[in-house]
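Colleague: One file is attached below, structure.cif, containing mmCIF, C-alpha atoms.
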data_query
#
loop_
_atom_site.label_atom_id
_atom_site.label_comp_id
_atom_site.auth_asym_id
_atom_site.auth_seq_id
_atom_site.Cartn_x
_atom_site.Cartn_y
_atom_site.Cartn_z
CA MET B 1 32.91 44.02 -12.37
CA SER B 2 29.19 44.26 -11.59
CA GLU B 3 27.16 41.11 -11.08
CA PRO B 4 24.87 40.24 -14.06
CA SER B 5 21.31 41.36 -13.39
CA SER B 6 19.79 37.93 -14.07
CA ARG B 7 22.10 36.19 -11.61
CA ARG B 8 21.56 38.94 -9.02
CA ALA B 9 17.79 38.63 -9.36
CA ALA B 10 17.96 34.84 -8.92
CA ARG B 11 20.16 35.20 -5.84
CA GLU B 12 17.85 37.80 -4.29
CA ALA B 13 14.82 35.64 -5.01
CA ARG B 14 16.44 32.68 -3.23
CA SER B 15 17.38 34.85 -0.27
CA GLU B 16 13.81 36.02 0.29
CA PRO B 17 12.34 34.29 3.33
CA THR B 18 9.71 31.74 2.52
CA PRO B 19 6.46 31.81 4.48
CA ALA B 20 6.26 29.49 7.44
CA ALA B 21 4.65 26.20 6.53
CA GLY B 22 1.58 26.87 8.66
CA THR B 23 0.96 30.52 7.70
CA PRO B 24 -2.52 30.81 6.20
CA ALA B 25 -2.92 32.58 2.89
CA ALA B 26 -5.50 35.31 2.57
CA HIS B 27 -8.04 33.22 0.68
CA ASN B 28 -6.75 29.70 1.26
CA PRO B 29 -6.53 28.99 4.98
CA THR B 30 -4.60 25.94 6.01
CA PRO B 31 -4.52 24.00 9.27
CA ARG B 32 -2.00 24.81 11.94
CA ALA B 33 0.26 22.04 10.65
CA GLY B 34 0.56 23.86 7.33
CA ARG B 35 -1.16 21.69 4.74
CA ASN B 36 -4.59 20.94 3.34
CA LEU B 37 -5.54 18.12 5.68
CA TYR B 38 -8.39 16.69 3.61
CA ALA B 39 -6.35 16.55 0.42
CA ALA B 40 -3.40 15.12 2.34
CA ILE B 41 -5.51 12.33 3.86
CA GLY B 42 -7.24 11.46 0.59
CA VAL B 43 -4.06 11.33 -1.45
CA GLY B 44 -2.26 9.48 1.35
CA VAL B 45 -4.94 6.77 1.40
CA LEU B 46 -4.76 6.44 -2.39
CA LEU B 47 -0.97 6.09 -2.35
CA GLY B 48 -1.25 3.57 0.47
CA LEU B 49 -3.70 1.46 -1.55
CA ILE B 50 -1.35 1.49 -4.54
CA VAL B 51 1.53 0.31 -2.36
CA VAL B 52 -0.47 -2.43 -0.61
CA LEU B 53 -2.00 -3.78 -3.83
CA SER B 54 1.38 -3.84 -5.58
CA LEU B 55 2.94 -5.63 -2.62
CA PHE B 56 0.43 -8.44 -2.28
CA VAL B 57 -0.60 -8.98 -5.89
CA GLN B 58 2.96 -9.49 -7.15
CA LYS B 59 6.22 -8.38 -5.55
CA GLU B 60 7.67 -7.43 -8.91
CA ILE B 61 4.89 -4.85 -9.32
CA PHE B 62 6.10 -3.15 -6.16
CA VAL B 63 9.65 -3.21 -7.53
CA GLY B 64 8.35 -1.31 -10.56
CA VAL B 65 6.51 1.17 -8.33
CA ALA B 66 9.68 1.71 -6.28
CA MET B 67 11.79 2.25 -9.40
CA ALA B 68 9.27 4.78 -10.73
CA ALA B 69 9.24 6.56 -7.37
CA ALA B 70 13.05 6.72 -7.38
CA VAL B 71 13.08 8.25 -10.86
CA ILE B 72 10.40 10.82 -9.99
CA GLY B 73 12.14 11.66 -6.72
CA CYS B 74 15.44 12.22 -8.53
CA MET B 75 13.73 14.41 -11.12
CA GLU B 76 12.25 16.54 -8.35
CA MET B 77 15.61 16.93 -6.64
CA LEU B 78 17.39 17.80 -9.87
CA ARG B 79 14.82 20.51 -10.63
CA ALA B 80 15.02 21.82 -7.09
CA MET B 81 18.81 22.02 -7.26
CA ALA B 82 18.53 24.31 -10.28
CA HIS B 83 17.18 26.95 -7.86
CA GLY B 84 20.58 26.82 -6.17
CA GLU B 85 22.44 26.91 -9.50
CA LEU B 86 23.46 23.26 -9.19
CA HIS B 87 23.15 21.23 -12.37
CA PRO B 88 24.10 17.57 -11.80
CA PRO B 89 24.20 15.34 -14.90
CA VAL B 90 20.60 14.36 -15.61
CA ILE B 91 20.96 11.22 -17.73
CA PRO B 92 23.31 9.16 -15.51
CA THR B 93 21.44 10.26 -12.38
CA LEU B 94 18.05 9.13 -13.73
CA VAL B 95 19.51 5.89 -15.10
CA ALA B 96 20.94 5.19 -11.65
CA ALA B 97 17.53 5.90 -10.12
CA ALA B 98 15.99 3.11 -12.18
CA VAL B 99 18.86 0.61 -12.12
CA VAL B 100 20.18 0.71 -8.53
CA PRO B 101 16.93 -0.46 -6.83
CA LEU B 102 16.51 -3.25 -9.39
CA VAL B 103 20.08 -4.44 -8.82
CA ALA B 104 19.43 -4.50 -5.06
CA TYR B 105 16.29 -6.63 -5.49
CA LEU B 106 17.91 -9.10 -7.87
CA TRP B 107 21.35 -9.54 -6.29
CA GLY B 108 21.32 -8.28 -2.70
CA ALA B 109 23.21 -5.92 -0.41
CA THR B 110 26.70 -6.32 -1.89
CA ALA B 111 25.39 -5.62 -5.38
CA LEU B 112 23.53 -2.56 -4.06
CA ALA B 113 26.74 -1.10 -2.63
CA PHE B 114 28.62 -1.84 -5.86
CA ALA B 115 25.89 -0.32 -8.04
CA ALA B 116 25.73 2.85 -5.93
CA VAL B 117 29.50 3.36 -6.13
CA VAL B 118 29.52 2.76 -9.90
CA ALA B 119 26.63 5.20 -10.34
CA VAL B 120 28.51 7.94 -8.49
CA LEU B 121 31.69 7.28 -10.50
CA VAL B 122 29.73 7.51 -13.76
CA ILE B 123 28.30 10.85 -12.61
CA VAL B 124 31.81 12.11 -11.82
CA VAL B 125 33.19 11.08 -15.22
CA TRP B 126 30.13 12.34 -17.12
CA ARG B 127 30.29 15.77 -15.51
CA ALA B 128 34.11 15.94 -15.80
CA LEU B 129 33.76 15.73 -19.58
CA GLY B 130 31.74 18.95 -19.59
CA HIS B 131 32.63 22.57 -18.84
CA VAL B 132 34.69 23.41 -15.79
CA ASP B 133 32.43 26.05 -14.20
CA GLY B 134 30.59 24.66 -11.17
CA MET B 135 31.93 21.13 -11.69
CA PRO B 136 32.58 20.25 -8.00
CA ARG B 137 29.14 21.49 -6.95
CA ASP B 138 27.39 19.63 -9.75
CA ILE B 139 29.24 16.39 -8.97
CA ALA B 140 28.44 16.72 -5.27
CA GLY B 141 24.79 17.35 -6.12
CA GLY B 142 24.61 14.29 -8.37
CA ALA B 143 26.26 12.11 -5.72
CA LEU B 144 23.83 13.40 -3.08
CA VAL B 145 20.79 12.65 -5.23
CA THR B 146 22.05 9.15 -6.07
CA LEU B 147 22.92 8.17 -2.50
CA TYR B 148 19.82 9.81 -1.04
CA VAL B 149 17.17 8.39 -3.37
CA PRO B 150 17.96 5.22 -5.38
CA ALA B 151 20.53 3.87 -2.93
CA LEU B 152 18.08 4.15 -0.03
CA VAL B 153 15.20 2.82 -2.16
CA GLY B 154 17.52 -0.14 -2.70
CA PHE B 155 17.22 -0.98 1.01
CA ALA B 156 13.46 -1.31 0.53
CA MET B 157 14.22 -3.84 -2.19
CA LEU B 158 16.46 -5.75 0.23
CA LEU B 159 13.62 -5.72 2.75
CA LEU B 160 11.23 -7.02 0.09
CA ALA B 161 13.40 -9.89 -1.14
CA PRO B 162 12.61 -12.60 1.53
CA ASP B 163 9.45 -14.70 1.30
CA ASP B 164 7.73 -12.50 3.89
CA GLY B 165 9.12 -9.34 2.29
CA PRO B 166 5.71 -7.71 1.73
CA GLN B 167 4.92 -8.03 5.44
CA ARG B 168 8.31 -6.53 6.31
CA ILE B 169 7.60 -3.58 4.02
CA VAL B 170 4.22 -3.11 5.73
CA VAL B 171 5.85 -3.03 9.17
CA PHE B 172 8.49 -0.56 7.98
CA ILE B 173 5.83 1.74 6.50
CA LEU B 174 3.67 1.32 9.61
CA VAL B 175 6.34 2.57 12.03
CA THR B 176 7.14 5.50 9.73
CA ILE B 177 3.48 6.47 9.51
CA CYS B 178 3.20 6.16 13.30
CA SER B 179 6.06 8.62 13.62
CA ASP B 180 4.36 11.10 11.29
CA ILE B 181 0.87 10.76 12.80
CA GLY B 182 2.03 10.75 16.43
CA GLY B 183 4.17 13.81 15.88
CA TYR B 184 1.46 15.57 13.87
CA ILE B 185 -1.34 15.08 16.41
CA VAL B 186 0.66 15.85 19.54
CA GLY B 187 2.47 18.72 17.81
CA VAL B 188 -0.79 20.37 16.75
CA VAL B 189 -2.46 19.90 20.12
CA ALA B 190 0.38 20.56 22.53
CA GLY B 191 3.46 21.67 20.55
CA LYS B 192 5.06 24.65 22.32
CA HIS B 193 8.82 24.11 22.26
CA PRO B 194 10.37 24.15 18.74
CA MET B 195 12.93 21.47 18.09
CA ALA B 196 14.81 23.28 15.31
CA PRO B 197 13.06 26.62 14.63
CA SER B 198 15.57 27.77 12.03
CA VAL B 199 15.08 24.59 9.99
CA SER B 200 11.51 23.38 10.59
CA PRO B 201 9.43 25.85 12.67
CA LYS B 202 6.49 23.45 13.07
CA LYS B 203 8.49 20.56 14.56
CA SER B 204 8.32 20.57 18.36
CA TRP B 205 9.74 18.50 21.19
CA GLU B 206 6.19 17.63 22.25
CA GLY B 207 5.53 16.33 18.75
CA PHE B 208 8.74 14.30 18.92
CA ALA B 209 7.53 12.72 22.18
CA GLY B 210 4.28 11.83 20.42
CA SER B 211 6.27 10.28 17.56
CA VAL B 212 8.35 8.19 19.98
CA THR B 213 5.27 6.86 21.76
CA ALA B 214 3.39 6.05 18.57
CA CYS B 215 6.44 4.50 16.92
CA VAL B 216 7.34 2.22 19.81
CA VAL B 217 3.74 1.04 20.24
CA GLY B 218 3.22 0.63 16.49
CA GLY B 219 6.52 -1.17 16.04
CA SER B 220 5.84 -3.56 18.92
CA LEU B 221 2.39 -4.46 17.60
CA GLY B 222 3.53 -4.64 13.98
CA VAL B 223 6.45 -6.99 14.57
CA ALA B 224 4.46 -9.18 16.98
CA LEU B 225 1.24 -9.43 14.96
CA ILE B 226 2.44 -9.20 11.36
CA LEU B 227 5.87 -10.85 11.50
CA ASP B 228 5.35 -13.12 14.54
CA GLY B 229 8.48 -11.60 16.05
CA ARG B 230 9.30 -10.58 19.61
CA TRP B 231 7.63 -7.39 20.79
CA TRP B 232 10.88 -5.85 22.01
CA VAL B 233 12.32 -6.06 18.50
CA GLY B 234 9.40 -3.92 17.35
CA ALA B 235 9.98 -1.51 20.23
CA LEU B 236 13.67 -1.23 19.24
CA LEU B 237 12.68 -0.71 15.61
CA GLY B 238 10.22 2.00 16.62
CA ALA B 239 12.73 3.83 18.82
CA LEU B 240 15.39 3.85 16.10
CA ALA B 241 12.89 4.62 13.35
CA VAL B 242 11.57 7.76 15.04
CA VAL B 243 15.10 9.15 15.31
CA ALA B 244 15.80 8.32 11.65
CA ALA B 245 12.46 9.76 10.50
CA THR B 246 13.04 13.00 12.39
CA VAL B 247 16.57 13.34 11.03
CA GLY B 248 15.33 12.64 7.50
CA ASP B 249 12.60 15.26 7.79
CA LEU B 250 14.98 17.87 9.16
CA CYS B 251 17.62 17.10 6.51
CA GLU B 252 15.17 17.64 3.69
CA SER B 253 13.92 20.82 5.35
CA MET B 254 17.52 22.06 5.43
CA ILE B 255 17.99 21.20 1.76
CA LYS B 256 14.80 23.02 0.76
CA ARG B 257 15.60 26.03 2.92
CA ASP B 258 19.11 26.23 1.42
CA LEU B 259 17.63 26.07 -2.10
CA GLY B 260 14.98 28.67 -1.23
CA ILE B 261 11.94 26.47 -1.93
CA LYS B 262 9.00 25.34 0.18
CA ASP B 263 8.23 22.00 -1.51
CA MET B 264 10.18 19.81 -3.92
CA SER B 265 7.27 20.12 -6.38
CA ASN B 266 3.47 20.36 -6.46
CA LEU B 267 3.00 16.85 -7.82
CA ILE B 268 0.83 15.50 -4.96
CA PRO B 269 -2.13 17.63 -3.75
CA GLY B 270 -1.87 18.36 -0.05
CA HIS B 271 1.63 16.90 0.18
CA GLY B 272 3.87 18.88 -2.17
CA GLY B 273 6.30 16.72 -4.09
CA LEU B 274 6.90 13.00 -3.89
CA MET B 275 10.17 13.65 -2.06
CA ASP B 276 8.24 15.63 0.56
CA ARG B 277 6.52 12.34 1.44
CA LEU B 278 9.53 10.06 0.99
CA ASP B 279 11.96 11.99 3.19
CA SER B 280 11.21 10.02 6.37
CA LEU B 281 10.67 6.70 4.59
CA LEU B 282 14.01 6.83 2.81
CA VAL B 283 15.99 7.32 6.00
CA VAL B 284 13.96 4.78 8.02
CA VAL B 285 14.21 1.92 5.53
CA PRO B 286 17.92 1.06 6.09
CA VAL B 287 17.22 1.09 9.83
CA ALA B 288 14.28 -1.27 9.35
CA TRP B 289 16.40 -3.60 7.20
CA ALA B 290 19.25 -3.58 9.72
CA VAL B 291 16.92 -4.41 12.63
CA LEU B 292 14.51 -6.87 11.02
CA THR B 293 17.02 -8.89 8.98
CA PRO B 294 19.01 -10.34 11.90
CA LEU B 295 16.32 -10.25 14.61
CA VAL B 296 13.17 -11.54 12.89
CA ALA B 297 13.14 -14.99 11.30
CA VAL B 298 11.74 -15.29 7.80
CA LYS B 299 8.34 -16.96 7.86
#
Starting from the coordinates I provided, produce the structure as structure tokens.

Modeller:
Amino acid sequence: MSEPSSRRAAREARSEPTPAAGTPAAHNPTPRAGRNLYAAIGVGVLLGLIVVLSLFVQKEIFVGVAMAAAVIGCMEMLRAMAHGELHPPVIPTLVAAAVVPLVAYLWGATALAFAAVVAVLVIVVWRALGHVDGMPRDIAGGALVTLYVPALVGFAMLLLAPDDGPQRIVVFILVTICSDIGGYIVGVVAGKHPMAPSVSPKKSWEGFAGSVTACVVGGSLGVALILDGRWWVGALLGALAVVAATVGDLCESMIKRDLGIKDMSNLIPGHGGLMDRLDSLLVVVPVAWAVLTPLVAVK
């Protein structure tokens, strides 16, 4: 039996190679790193201001920002998965995106784990009540989205909960930004040896070395000056954070390449989708919580 033309066309479209991130278009040249640098900086500063203001005006405002980010991130991933003919249940996934981070903030780590498990079970039951075709793939996709976005956002809520939670969030964001900036600058200037060319052609070992240096220095200064902690705790945080950030970036690159897309969406000028900016942050935040919670006293 011949394959339906619509499905064949979709498969062929996904199999077409996407342009390398840094390839300039004919009338819209981009920097070597593959994005509009001015738009990226401007939007990044604006997002940073929103985060800082929400943190230090009222912690609950930041909780609301995080919940909104989790919902938007899940929406982006659900739409992206449609390119790969995965259709996880939308309603329970988006409800989990809003509820799981709030549960983590209100009731702590045990409640976060319980809420994440319940959310996945609801997705399984919801999808099992539908048609059989593609059920295992859809359930797996829904579980991935739930554990990748709201469950990891929940760790940011755990980091926020103590009295000095806003400062802990700032340190966590600082080391992640150091990883991105250190890798970006060194990679553009001296990047020659690709780290994973089949996954992320622009990521180099030289850039990774720049990320390590920037992360360790930034973590040491951040923990010492912002949290009054010991410098070596910051150095440990930076070393672990750069590994987590790199893994998070490569994992999302693999997901996008498998789905045949370049960005999760075009929501943020110069950045792509929200998930294109959250990939490193989401994987770093549980590391930051695991390091800072036992090793830095609450002020």

Colleague: On this structure, the PyMOL selection byres ((chain B and resi 178-182) around 10) would catch which residues? List them as a VMD selection string, sorted by chain and number.

Modeller: chain B and resid 173 to 177 183 to 187 206 to 219 238 to 239 241 to 246 249 280

Colleague: Keeping only C-alpha atoms, write those residues as a tab-separated table (two decimals), in the coordinates of the input.

Modeller:
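Output file out.tsv follows:
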chain	number	residue	atom	x	y	z
B	173	ILE	CA	5.83	1.74	6.50
B	174	LEU	CA	3.67	1.32	9.61
B	175	VAL	CA	6.34	2.57	12.03
B	176	THR	CA	7.14	5.50	9.73
B	177	ILE	CA	3.48	6.47	9.51
B	183	GLY	CA	4.17	13.81	15.88
B	184	TYR	CA	1.46	15.57	13.87
B	185	ILE	CA	-1.34	15.08	16.41
B	186	VAL	CA	0.66	15.85	19.54
B	187	GLY	CA	2.47	18.72	17.81
B	206	GLU	CA	6.19	17.63	22.25
B	207	GLY	CA	5.53	16.33	18.75
B	208	PHE	CA	8.74	14.30	18.92
B	209	ALA	CA	7.53	12.72	22.18
B	210	GLY	CA	4.28	11.83	20.42
B	211	SER	CA	6.27	10.28	17.56
B	212	VAL	CA	8.35	8.19	19.98
B	213	THR	CA	5.27	6.86	21.76
B	214	ALA	CA	3.39	6.05	18.57
B	215	CYS	CA	6.44	4.50	16.92
B	216	VAL	CA	7.34	2.22	19.81
B	217	VAL	CA	3.74	1.04	20.24
B	218	GLY	CA	3.22	0.63	16.49
B	219	GLY	CA	6.52	-1.17	16.04
B	238	GLY	CA	10.22	2.00	16.62
B	239	ALA	CA	12.73	3.83	18.82
B	241	ALA	CA	12.89	4.62	13.35
B	242	VAL	CA	11.57	7.76	15.04
B	243	VAL	CA	15.10	9.15	15.31
B	244	ALA	CA	15.80	8.32	11.65
B	245	ALA	CA	12.46	9.76	10.50
B	246	THR	CA	13.04	13.00	12.39
B	249	ASP	CA	12.60	15.26	7.79
B	280	SER	CA	11.21	10.02	6.37

Colleague: Which one is closest to Cys74 (chain B): B:Ser54, B:Gln167, B:Thr110, B:Thr146? Count all atoms listed in the file.

Modeller: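 So, comparing all the options, the nearest one is B:Thr146.
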
Colleague: One decimal, in Å: what's the spacing between CA of Gly154 (chain B) and CA of Ala288 (chain B)?

Modeller: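 Atom-to-atom, CA of Gly154 (chain B) and CA of Ala288 (chain B) are spaced 12.5 Å apart.
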
Colleague: Have a look at B:Leu237, B:Leu78, B:Val118, B:Ala68 and name the one nearest to Val284 (chain B); count all atoms listed in the file.

Modeller: B:Leu237

Colleague: Is it possible to get the residues within 9 Å of (16.4, -2.5, 2.9) (coordinates as in the file, counting only C-alpha atoms) written as a list in words?

Modeller: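 Residues with an atom close enough to that point: Ala104, Ala109, Leu152, Val153, Gly154, Phe155, Ala156, Met157, Leu158, Leu159, Leu160, Ala161, Ile169, Val285, Pro286, Val287, Ala288, Trp289, Ala290 and Thr293 of chain B.
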
Colleague: Restrict the selected residues to C-alpha atoms and save them as an mmCIF file, in the frame of the given file.

Modeller:
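Listed below is the output, out-v2.cif:
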data_model
loop_
_atom_site.group_PDB
_atom_site.id
_atom_site.type_symbol
_atom_site.label_atom_id
_atom_site.label_comp_id
_atom_site.auth_asym_id
_atom_site.auth_seq_id
_atom_site.Cartn_x
_atom_site.Cartn_y
_atom_site.Cartn_z
ATOM 1 C CA ALA B 104 19.430 -4.500 -5.060
ATOM 2 C CA ALA B 109 23.210 -5.920 -0.410
ATOM 3 C CA LEU B 152 18.080 4.150 -0.030
ATOM 4 C CA VAL B 153 15.200 2.820 -2.160
ATOM 5 C CA GLY B 154 17.520 -0.140 -2.700
ATOM 6 C CA PHE B 155 17.220 -0.980 1.010
ATOM 7 C CA ALA B 156 13.460 -1.310 0.530
ATOM 8 C CA MET B 157 14.220 -3.840 -2.190
ATOM 9 C CA LEU B 158 16.460 -5.750 0.230
ATOM 10 C CA LEU B 159 13.620 -5.720 2.750
ATOM 11 C CA LEU B 160 11.230 -7.020 0.090
ATOM 12 C CA ALA B 161 13.400 -9.890 -1.140
ATOM 13 C CA ILE B 169 7.600 -3.580 4.020
ATOM 14 C CA VAL B 285 14.210 1.920 5.530
ATOM 15 C CA PRO B 286 17.920 1.060 6.090
ATOM 16 C CA VAL B 287 17.220 1.090 9.830
ATOM 17 C CA ALA B 288 14.280 -1.270 9.350
ATOM 18 C CA TRP B 289 16.400 -3.600 7.200
ATOM 19 C CA ALA B 290 19.250 -3.580 9.720
ATOM 20 C CA THR B 293 17.020 -8.890 8.980
#

Colleague: Using all atoms listed in the file, tabulate the residues of region 133-153 of chain B lying at most 12 Å from any atom of region 81-88 of chain B, each with its closest atom pair and that distance in Å to one decimal, by chain and increasing residue number, as CSV.

Modeller:
residue,atom,partner,partner_atom,distance
B:Asp133,CA,B:His87,CA,10.6
B:Gly134,CA,B:Leu86,CA,7.5
B:Met135,CA,B:Pro88,CA,8.6
B:Pro136,CA,B:Pro88,CA,9.7
B:Arg137,CA,B:Leu86,CA,6.4
B:Asp138,CA,B:Pro88,CA,4.4
B:Ile139,CA,B:Pro88,CA,6.0
B:Ala140,CA,B:Pro88,CA,7.9
B:Gly141,CA,B:Pro88,CA,5.7
B:Gly142,CA,B:Pro88,CA,4.8
B:Ala143,CA,B:Pro88,CA,8.5
B:Leu144,CA,B:Pro88,CA,9.7
B:Val145,CA,B:Pro88,CA,8.9
B:Thr146,CA,B:Pro88,CA,10.4

Colleague: For a test of reading the model, state the distance in Å between CA of Ala224 (chain B) and CA of Val57 (chain B), rounded to one decimal.

Modeller: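 Separation of CA of Ala224 (chain B) and CA of Val57 (chain B): 23.4 Å.
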
Colleague: For Val63 (chain B), which of B:Ala98, B:Leu112, B:Leu47, B:Met75 is the closest residue, counting all atoms listed in the file?

Modeller: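 The shortest atom-to-atom distance to Val63 (chain B) comes from B:Ala98.
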
Colleague: Given all atoms listed in the file as the basis, pick out the residue of B:Leu282, B:Ala297, B:Val291, B:Leu106 nearest to Glu60 (chain B).

Modeller: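 Nearest candidate to Glu60 (chain B) out of B:Leu282, B:Ala297, B:Val291, B:Leu106: B:Leu106.
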
Colleague: Rounded to one decimal in Å, what is the spacing between CA of Lys202 (chain B) and CA of Ala235 (chain B)?

Modeller: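 According to the coordinates, CA of Lys202 (chain B) and CA of Ala235 (chain B) are separated by 26.2 Å.
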
Colleague: I'd like to know which of B:Met264, B:Leu227, B:Leu49, B:Val100 is closest to Gly165 (chain B), using only C-alpha atoms.

Modeller: B:Leu227

Colleague: I want to know what sits within 10 Å of region 94-96 of chain B, based on all atoms listed in the file, with residues of the same chain fewer than 5 positions away left out; could you give that as a PDB file with C-alpha atoms, in the frame of the given file?

Modeller:
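The result, stored in result13.pdb:
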ATOM      1  CA  MET B  67      11.790   2.250  -9.400  1.00  0.00           C
ATOM      2  CA  ALA B  70      13.050   6.720  -7.380  1.00  0.00           C
ATOM      3  CA  VAL B  71      13.080   8.250 -10.860  1.00  0.00           C
ATOM      4  CA  ILE B  72      10.400  10.820  -9.990  1.00  0.00           C
ATOM      5  CA  GLY B  73      12.140  11.660  -6.720  1.00  0.00           C
ATOM      6  CA  CYS B  74      15.440  12.220  -8.530  1.00  0.00           C
ATOM      7  CA  MET B  75      13.730  14.410 -11.120  1.00  0.00           C
ATOM      8  CA  LEU B  78      17.390  17.800  -9.870  1.00  0.00           C
ATOM      9  CA  PRO B  89      24.200  15.340 -14.900  1.00  0.00           C
ATOM     10  CA  PRO B 101      16.930  -0.460  -6.830  1.00  0.00           C
ATOM     11  CA  LEU B 102      16.510  -3.250  -9.390  1.00  0.00           C
ATOM     12  CA  ALA B 115      25.890  -0.320  -8.040  1.00  0.00           C
ATOM     13  CA  ALA B 116      25.730   2.850  -5.930  1.00  0.00           C
ATOM     14  CA  VAL B 118      29.520   2.760  -9.900  1.00  0.00           C
ATOM     15  CA  ALA B 119      26.630   5.200 -10.340  1.00  0.00           C
ATOM     16  CA  VAL B 120      28.510   7.940  -8.490  1.00  0.00           C
ATOM     17  CA  VAL B 122      29.730   7.510 -13.760  1.00  0.00           C
ATOM     18  CA  ILE B 123      28.300  10.850 -12.610  1.00  0.00           C
ATOM     19  CA  GLY B 142      24.610  14.290  -8.370  1.00  0.00           C
ATOM     20  CA  VAL B 145      20.790  12.650  -5.230  1.00  0.00           C
ATOM     21  CA  THR B 146      22.050   9.150  -6.070  1.00  0.00           C
ATOM     22  CA  LEU B 147      22.920   8.170  -2.500  1.00  0.00           C
ATOM     23  CA  VAL B 149      17.170   8.390  -3.370  1.00  0.00           C
ATOM     24  CA  PRO B 150      17.960   5.220  -5.380  1.00  0.00           C
ATOM     25  CA  ALA B 151      20.530   3.870  -2.930  1.00  0.00           C
TER      26      ALA B 151
END

Colleague: How would you write, as an NGL selection string, the residues chosen by the PyMOL selection byres ((chain B and resi 233) around 8) on this structure?

Modeller: :B and (219-220 or 223 or 229-232 or 234-237 or 291-292 or 295-296)
